[in-house]
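The structure file entry33.cif is reproduced below (mmCIF, C-alpha atoms).
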```cif
data_model
#
loop_
_atom_site.label_atom_id
_atom_site.label_comp_id
_atom_site.auth_asym_id
_atom_site.auth_seq_id
_atom_site.Cartn_x
_atom_site.Cartn_y
_atom_site.Cartn_z
CA MET A 1 130.71 98.73 135.78
CA GLY A 2 131.48 96.44 138.74
CA ASN A 3 130.61 92.77 138.91
CA ASP A 4 128.03 93.36 141.66
CA THR A 5 126.19 95.95 139.58
CA LEU A 6 126.30 93.73 136.50
CA SER A 7 124.89 90.79 138.44
CA LEU A 8 121.91 92.93 139.43
CA LEU A 9 121.32 94.28 135.93
CA LEU A 10 121.45 91.04 133.97
CA PRO A 11 118.31 89.44 135.45
CA ARG A 12 116.43 92.68 134.90
CA LEU A 13 117.60 92.92 131.30
CA PHE A 14 116.57 89.33 130.72
CA LEU A 15 113.04 90.09 131.94
CA VAL A 16 112.83 93.14 129.68
CA LEU A 17 114.07 91.34 126.58
CA SER A 18 111.87 88.32 127.22
CA ALA A 19 108.83 90.57 127.51
CA LEU A 20 109.67 92.38 124.27
CA VAL A 21 110.16 89.14 122.33
CA ALA A 22 106.89 87.77 123.68
CA LEU A 23 105.08 90.95 122.64
CA ALA A 24 106.60 90.86 119.16
CA ALA A 25 105.61 87.23 118.71
CA ALA A 26 102.06 88.03 119.74
CA GLN A 27 101.82 91.01 117.36
CA SER A 28 103.25 89.14 114.39
CA GLY A 29 100.31 86.76 114.24
CA THR A 30 102.64 83.88 113.36
CA ASP A 31 101.99 80.51 114.94
CA CYS A 32 104.49 78.58 112.84
CA ASN A 33 108.23 79.06 113.34
CA PRO A 34 109.92 77.77 110.16
CA ILE A 35 113.23 77.02 111.88
CA LYS A 36 111.42 74.72 114.31
CA THR A 37 108.49 73.39 112.26
CA SER A 38 108.27 72.22 108.66
CA GLY A 39 105.42 73.11 106.34
CA CYS A 40 104.88 76.70 107.48
CA PRO A 41 102.80 78.94 105.18
CA LEU A 42 104.53 81.07 102.58
CA ASP A 43 105.25 84.69 103.47
CA ILE A 44 103.47 87.03 101.06
CA GLY A 45 105.98 89.51 99.64
CA LEU A 46 105.71 93.21 98.80
CA THR A 47 105.73 93.48 95.01
CA ASN A 48 104.34 97.03 94.69
CA ASN A 49 107.87 98.29 95.08
CA PRO A 50 108.79 100.86 96.29
CA TYR A 51 105.68 101.35 98.39
CA GLY A 52 104.42 104.50 100.06
CA VAL A 53 101.32 105.55 102.00
CA ASP A 54 100.22 108.93 103.31
CA PHE A 55 97.90 108.30 106.24
CA THR A 56 97.11 112.03 106.54
CA LYS A 57 94.76 111.52 103.61
CA GLY A 58 92.49 109.79 106.09
CA THR A 59 92.54 106.26 104.68
CA MET A 60 94.11 103.01 105.82
CA ASP A 61 95.11 101.25 102.57
CA GLN A 62 93.39 97.99 103.52
CA ALA A 63 95.20 96.04 100.83
CA SER A 64 98.47 96.58 102.68
CA TRP A 65 97.60 97.06 106.36
CA THR A 66 95.65 95.36 109.12
CA SER A 67 94.81 96.79 112.53
CA VAL A 68 95.76 94.35 115.28
CA GLY A 69 95.61 94.57 119.06
CA ALA A 70 93.13 96.34 121.32
CA GLY A 71 92.84 100.10 121.33
CA SER A 72 91.69 102.75 118.89
CA VAL A 73 93.16 103.26 115.41
CA ILE A 74 91.56 105.94 113.25
CA TYR A 75 92.76 107.86 110.19
CA THR A 76 92.53 111.66 110.07
CA SER A 77 94.38 114.64 108.64
CA GLN A 78 96.95 114.01 111.40
CA GLY A 79 97.61 110.51 110.05
CA ALA A 80 97.04 107.13 111.63
CA VAL A 81 96.00 107.99 115.18
CA LEU A 82 96.76 105.13 117.57
CA THR A 83 95.28 105.62 121.03
CA LEU A 84 95.92 103.58 124.16
CA SER A 85 93.22 104.37 126.72
CA LYS A 86 93.06 101.51 129.18
CA LYS A 87 94.74 98.40 130.52
CA GLY A 88 95.12 95.78 127.79
CA ASP A 89 95.23 98.25 124.90
CA ALA A 90 98.07 97.90 122.40
CA PRO A 91 96.91 99.62 119.18
CA THR A 92 99.05 98.37 116.29
CA ILE A 93 98.95 98.40 112.51
CA SER A 94 100.73 95.63 110.60
CA THR A 95 101.55 95.19 106.95
CA ASN A 96 99.93 92.27 105.17
CA TRP A 97 103.19 91.56 103.37
CA TYR A 98 106.83 90.89 104.13
CA ILE A 99 110.05 92.41 102.83
CA PHE A 100 113.38 90.66 102.41
CA PHE A 101 115.99 93.29 103.23
CA GLY A 102 115.39 96.88 102.19
CA ARG A 103 114.54 100.28 103.62
CA VAL A 104 111.69 101.47 105.83
CA GLU A 105 110.91 105.11 106.64
CA VAL A 106 108.24 106.16 109.15
CA LEU A 107 107.26 109.78 109.77
CA MET A 108 105.62 109.91 113.19
CA ARG A 109 105.17 111.44 116.64
CA ALA A 110 105.46 109.23 119.70
CA ALA A 111 102.89 108.87 122.47
CA PRO A 112 103.54 110.56 125.83
CA GLY A 113 102.93 108.93 129.19
CA THR A 114 104.96 107.12 131.83
CA GLY A 115 105.51 103.53 130.79
CA ILE A 116 104.00 103.97 127.33
CA ILE A 117 106.13 102.55 124.51
CA SER A 118 105.76 103.67 120.88
CA SER A 119 107.43 101.23 118.54
CA VAL A 120 108.33 100.57 114.92
CA VAL A 121 109.16 96.90 114.52
CA LEU A 122 110.33 94.73 111.66
CA GLY A 123 109.72 91.13 112.71
CA SER A 124 110.05 87.74 111.05
CA ASP A 125 108.42 84.34 111.58
CA ASP A 126 111.56 82.89 113.18
CA GLY A 127 112.21 85.65 115.73
CA ASP A 128 114.43 88.06 113.79
CA GLU A 129 113.59 91.62 114.75
CA ILE A 130 114.68 95.25 114.22
CA ASP A 131 113.22 97.94 116.47
CA TRP A 132 112.68 101.59 117.15
CA GLU A 133 111.34 102.16 120.67
CA LEU A 134 110.34 105.50 122.17
CA ILE A 135 109.70 105.70 125.91
CA GLY A 136 106.74 107.92 126.84
CA GLY A 137 108.42 109.38 129.90
CA ASN A 138 111.45 110.57 127.90
CA ASN A 139 110.67 113.15 125.22
CA ASP A 140 114.26 113.50 124.01
CA GLU A 141 115.50 109.98 123.31
CA VAL A 142 114.93 107.04 121.00
CA GLN A 143 116.06 103.46 121.52
CA THR A 144 117.16 100.94 118.90
CA ASN A 145 117.37 97.18 119.22
CA TYR A 146 117.59 93.95 117.24
CA PHE A 147 117.17 90.22 117.76
CA GLY A 148 118.23 87.14 115.82
CA LYS A 149 116.10 83.99 115.86
CA GLY A 150 114.49 85.09 119.12
CA ASN A 151 117.76 84.85 121.04
CA VAL A 152 117.63 86.89 124.28
CA THR A 153 120.67 85.39 125.99
CA LEU A 154 122.84 88.45 125.34
CA TYR A 155 122.28 91.94 126.76
CA ASN A 156 124.32 94.20 124.50
CA ARG A 157 121.91 94.81 121.64
CA GLY A 158 120.16 97.98 122.73
CA GLY A 159 121.18 101.51 121.77
CA ASN A 160 120.10 105.00 122.86
CA SER A 161 120.18 108.20 120.81
CA ALA A 162 119.28 111.77 121.68
CA VAL A 163 116.40 113.12 119.57
CA HIS A 164 114.65 116.35 120.58
CA ASP A 165 110.90 116.40 121.24
CA VAL A 166 109.88 112.99 119.88
CA GLN A 167 106.29 113.52 121.06
CA GLY A 168 105.60 117.03 119.80
CA THR A 169 107.66 117.03 116.61
CA ARG A 170 107.37 114.66 113.67
CA HIS A 171 110.60 112.82 112.93
CA ASN A 172 111.64 110.45 110.17
CA TYR A 173 112.74 107.10 111.61
CA THR A 174 114.51 105.01 108.99
CA ILE A 175 115.83 101.45 108.99
CA ASP A 176 118.20 100.52 106.18
CA TRP A 177 118.48 96.74 106.37
CA GLN A 178 120.92 95.10 103.99
CA ILE A 179 122.92 91.90 103.79
CA GLY A 180 125.99 92.65 105.87
CA GLN A 181 124.90 95.91 107.52
CA LEU A 182 121.97 97.47 109.35
CA THR A 183 121.67 101.23 109.83
CA TRP A 184 119.23 103.33 111.82
CA TYR A 185 118.67 106.99 110.81
CA VAL A 186 116.72 109.85 112.38
CA ASP A 187 115.83 112.67 109.98
CA GLY A 188 118.48 111.42 107.57
CA LYS A 189 121.29 111.27 110.12
CA THR A 190 122.90 107.98 111.11
CA VAL A 191 122.38 107.20 114.80
CA ARG A 192 123.57 103.58 114.78
CA THR A 193 125.17 101.00 112.49
CA LEU A 194 125.39 97.25 113.03
CA LYS A 195 127.64 95.05 110.93
CA GLU A 196 126.57 91.46 110.40
CA GLU A 197 129.78 90.03 111.84
CA ASP A 198 129.24 91.98 115.08
CA ALA A 199 126.01 90.09 115.79
CA VAL A 200 127.66 86.91 117.15
CA GLY A 201 129.50 86.39 113.88
CA GLY A 202 126.26 86.85 111.95
CA LEU A 203 124.28 84.21 113.87
CA ASN A 204 122.09 86.84 115.53
CA TYR A 205 121.93 89.18 112.54
CA PRO A 206 118.32 89.75 111.37
CA GLN A 207 118.15 88.11 107.94
CA THR A 208 114.76 86.55 107.18
CA PRO A 209 111.62 88.11 105.60
CA MET A 210 109.88 90.55 107.92
CA LYS A 211 106.56 92.30 108.39
CA LEU A 212 106.37 95.92 109.55
CA ARG A 213 104.37 96.69 112.70
CA ILE A 214 103.80 100.14 114.21
CA GLY A 215 102.06 100.65 117.50
CA SER A 216 102.10 101.36 121.21
CA TRP A 217 101.81 99.33 124.40
CA ALA A 218 102.08 99.81 128.14
CA GLY A 219 105.47 98.55 129.24
CA GLY A 220 104.64 100.14 132.58
CA ASP A 221 101.49 98.10 133.17
CA PRO A 222 101.44 97.17 136.89
CA ASP A 223 101.16 93.47 136.03
CA ASN A 224 104.38 93.44 133.98
CA ALA A 225 107.66 92.14 135.35
CA PRO A 226 109.55 94.66 137.53
CA GLY A 227 112.41 94.79 135.03
CA THR A 228 110.05 95.66 132.18
CA ILE A 229 108.38 98.41 134.23
CA ALA A 230 111.79 99.87 135.15
CA TRP A 231 112.92 99.86 131.51
CA ALA A 232 109.64 101.53 130.48
CA GLY A 233 110.27 104.38 132.92
CA GLY A 234 107.81 103.48 135.66
CA VAL A 235 104.26 102.33 136.32
CA THR A 236 101.60 103.49 133.87
CA ASP A 237 98.69 105.44 135.35
CA TYR A 238 95.83 104.83 132.92
CA THR A 239 93.79 107.63 134.50
CA LYS A 240 96.24 110.09 132.93
CA GLY A 241 95.42 108.84 129.44
CA PRO A 242 94.50 108.52 126.72
CA PHE A 243 97.99 108.18 125.22
CA THR A 244 98.20 108.80 121.47
CA MET A 245 100.85 108.36 118.80
CA TYR A 246 100.56 109.72 115.25
CA VAL A 247 101.91 108.05 112.10
CA GLU A 248 101.81 110.34 109.08
CA ARG A 249 103.63 108.52 106.29
CA VAL A 250 105.39 105.23 105.62
CA SER A 251 107.76 104.40 102.77
CA VAL A 252 109.12 100.91 102.10
CA THR A 253 111.55 99.50 99.56
CA ASN A 254 111.80 95.71 99.33
CA ARG A 255 115.40 94.89 98.39
CA TYR A 256 114.54 91.44 97.02
CA PRO A 257 110.90 91.58 95.96
CA ALA A 258 108.97 88.36 95.31
CA ALA A 259 105.34 87.31 95.36
CA SER A 260 106.16 85.09 98.33
CA TYR A 261 109.04 83.69 100.36
CA SER A 262 109.73 80.28 101.85
CA TYR A 263 112.41 78.84 104.11
CA GLY A 264 114.60 76.36 102.23
CA ASP A 265 115.79 74.76 105.48
CA MET A 266 115.73 75.36 109.23
CA SER A 267 118.94 77.38 109.43
CA GLY A 268 117.27 80.80 109.42
CA ASN A 269 120.06 82.08 107.17
CA TRP A 270 119.34 84.62 104.45
CA ASP A 271 120.78 82.42 101.69
CA SER A 272 118.25 79.68 102.52
CA ILE A 273 115.27 81.95 101.74
CA LYS A 274 113.54 80.97 98.50
CA ASP A 275 111.32 82.82 96.09
CA GLY A 276 108.14 80.94 96.95
CA SER A 277 106.56 81.55 93.55
CA ARG A 278 109.53 79.91 91.80
CA GLY A 279 110.14 77.21 94.35
CA VAL A 280 113.85 76.66 93.69
CA ALA A 281 115.90 79.79 93.20
CA SER A 282 117.14 81.77 96.15
CA ALA A 283 115.10 84.97 96.48
CA THR A 284 118.30 87.04 96.44
CA ASN A 285 119.33 85.54 93.10
CA SER A 286 115.98 85.36 91.36
CA THR A 287 115.24 89.05 91.96
CA SER A 288 118.68 90.55 91.66
CA SER A 289 118.01 92.68 88.61
CA SER A 290 114.75 94.20 89.87
CA SER A 291 116.09 94.76 93.38
CA SER A 292 119.19 96.52 92.09
CA SER A 293 117.06 99.07 90.30
CA SER A 294 114.89 99.49 93.43
CA SER A 295 117.96 100.06 95.58
CA SER A 296 119.29 102.67 93.18
CA SER A 297 115.93 104.44 93.23
CA SER A 298 115.85 104.44 97.03
CA SER A 299 119.41 105.72 97.30
CA SER A 300 118.70 108.64 95.05
CA SER A 301 115.54 109.70 96.87
#
```
Final structure tokens representation of the file:
Amino acid sequence: MGNDTLSLLLPRLFLVLSALVALAAAQSGTDCNPIKTSGCPLDIGLTNNPYGVDFTKGTMDQASWTSVGAGSVIYTSQGAVLTLSKKGDAPTISTNWYIFFGRVEVLMRAAPGTGIISSVVLGSDDGDEIDWELIGGNNDEVQTNYFGKGNVTLYNRGGNSAVHDVQGTRHNYTIDWQIGQLTWYVDGKTVRTLKEEDAVGGLNYPQTPMKLRIGSWAGGDPDNAPGTIAWAGGVTDYTKGPFTMYVERVSVTNRYPAASYSYGDMSGNWDSIKDGSRGVASATNSTSSSSSSSSSSSSSS
């Protein structure tokens, strides 16, 4: 790639990444960034571990999930049905709890439609993020991405993988998030691996407790930045909707389960995260025995 081409792409990529981070921050419902502000609320942890839900049974599991964002979310024999019908819609379901490393599996079908983005996002209070993104105008590809502490100054995080018929066929999208390595799988096959040291020496490696959010939004909305619209595949024509994604099942293993998590300092490093219910011990130390058994169970499944 020549310097002239790169100079044109970088501003566009910046606009795209900035838009995605802003969207993630809005969906997370977090107003307190613990690496910038002291006294943030504790993060409630997943203790029912491992956790699984089958949305095709027609129920939401209100103890674990909340519907956020405009748009329709209903539960039928097809699963959680998230429908984007008009400008401003961004139907999303979010867990009420956080995990601290672990494994997430989502069985789903993406929404069609130019500019429509179906996403599976792990996101933390301090801007760490791990993504699956499926572009509505491309039925045979999935994108992966990650962020560390909300940093969007680099443009080499995204990845693309060929996956056939993401809208018509259910696929298993898995994130295996561990200290030292992050792996994305589709239907049990590795499509991308990130080592901690390759994320700016670990500084941009996602490493703080995260909520899971699943939903869709219009990256191609005419009011979005031109770079965002281009990344999303073009301008969204809402008259061609509604645009619907289907989430059938979700499985989650919390590697270091605790009733709650707190930030021991403002570093945003994994070894500063505390078991909030104990107040002193690092969450990775205080739950090592239970998490080891959970990891073994997940690996054998």
Counting all atoms listed in the file, give me one row per residue of region 155-237 of chain A with an atom at most 12 Å from an atom of region 30-49 of chain A, showing the shortest contact pair and its distance in Å to one decimal, sorted by chain then residue number, as JSON lines.
```
{"residue": "A:Thr208", "atom": "CA", "partner": "A:Asp43", "partner_atom": "CA", "distance": 10.4}
{"residue": "A:Pro209", "atom": "CA", "partner": "A:Asp43", "partner_atom": "CA", "distance": 7.5}
{"residue": "A:Met210", "atom": "CA", "partner": "A:Asp43", "partner_atom": "CA", "distance": 8.7}
{"residue": "A:Lys211", "atom": "CA", "partner": "A:Asp43", "partner_atom": "CA", "distance": 9.2}
{"residue": "A:Leu212", "atom": "CA", "partner": "A:Leu46", "partner_atom": "CA", "distance": 11.1}
```
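Nearest to Gly233 (chain A) of all the residues A:Ile175, A:Val252, A:Ile116, A:Val163 is A:Ile116, based on all atoms listed in the file.
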*Identify which of the residues A:Gln178, A:Ser118, A:Asn156, A:Thr169 lies closest to Phe243 (chain A), counting all atoms listed in the file when measuring atom-to-atom distances.*
A:Ser118
*Residue with smallest distance to Pro257 (chain A) - pool A:Gly102, A:Gly148, A:Gly158, A:Gly79, counting all atoms listed in the file*: A:Gly102
*Check the smallest atom-to-atom distance from each of A:Thr253, A:Gln167, A:Thr66, A:Thr239 to Ile117 (chain A) using only C-alpha atoms, then report the winner.*
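Of the candidates, the smallest distance to Ile117 (chain A) is held by A:Gln167.
The gap separating CA of Gly219 (chain A) from CA of Trp231 (chain A) is 7.9 Å, in Å to one decimal.
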*Work out how far CA of Ser67 (chain A) is from CA of Val247 (chain A), in Å to one decimal.*
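Taking CA of Val247 (chain A) as the start and CA of Ser67 (chain A) as the end point, the length is 13.3 Å.
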*Go through A:Ala162, A:Ile99, A:Val53, A:Leu107 and flag the residue nearest Asp275 (chain A), using all atoms listed in the file for the distances.*
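So, comparing all the options, the nearest one is A:Ile99.
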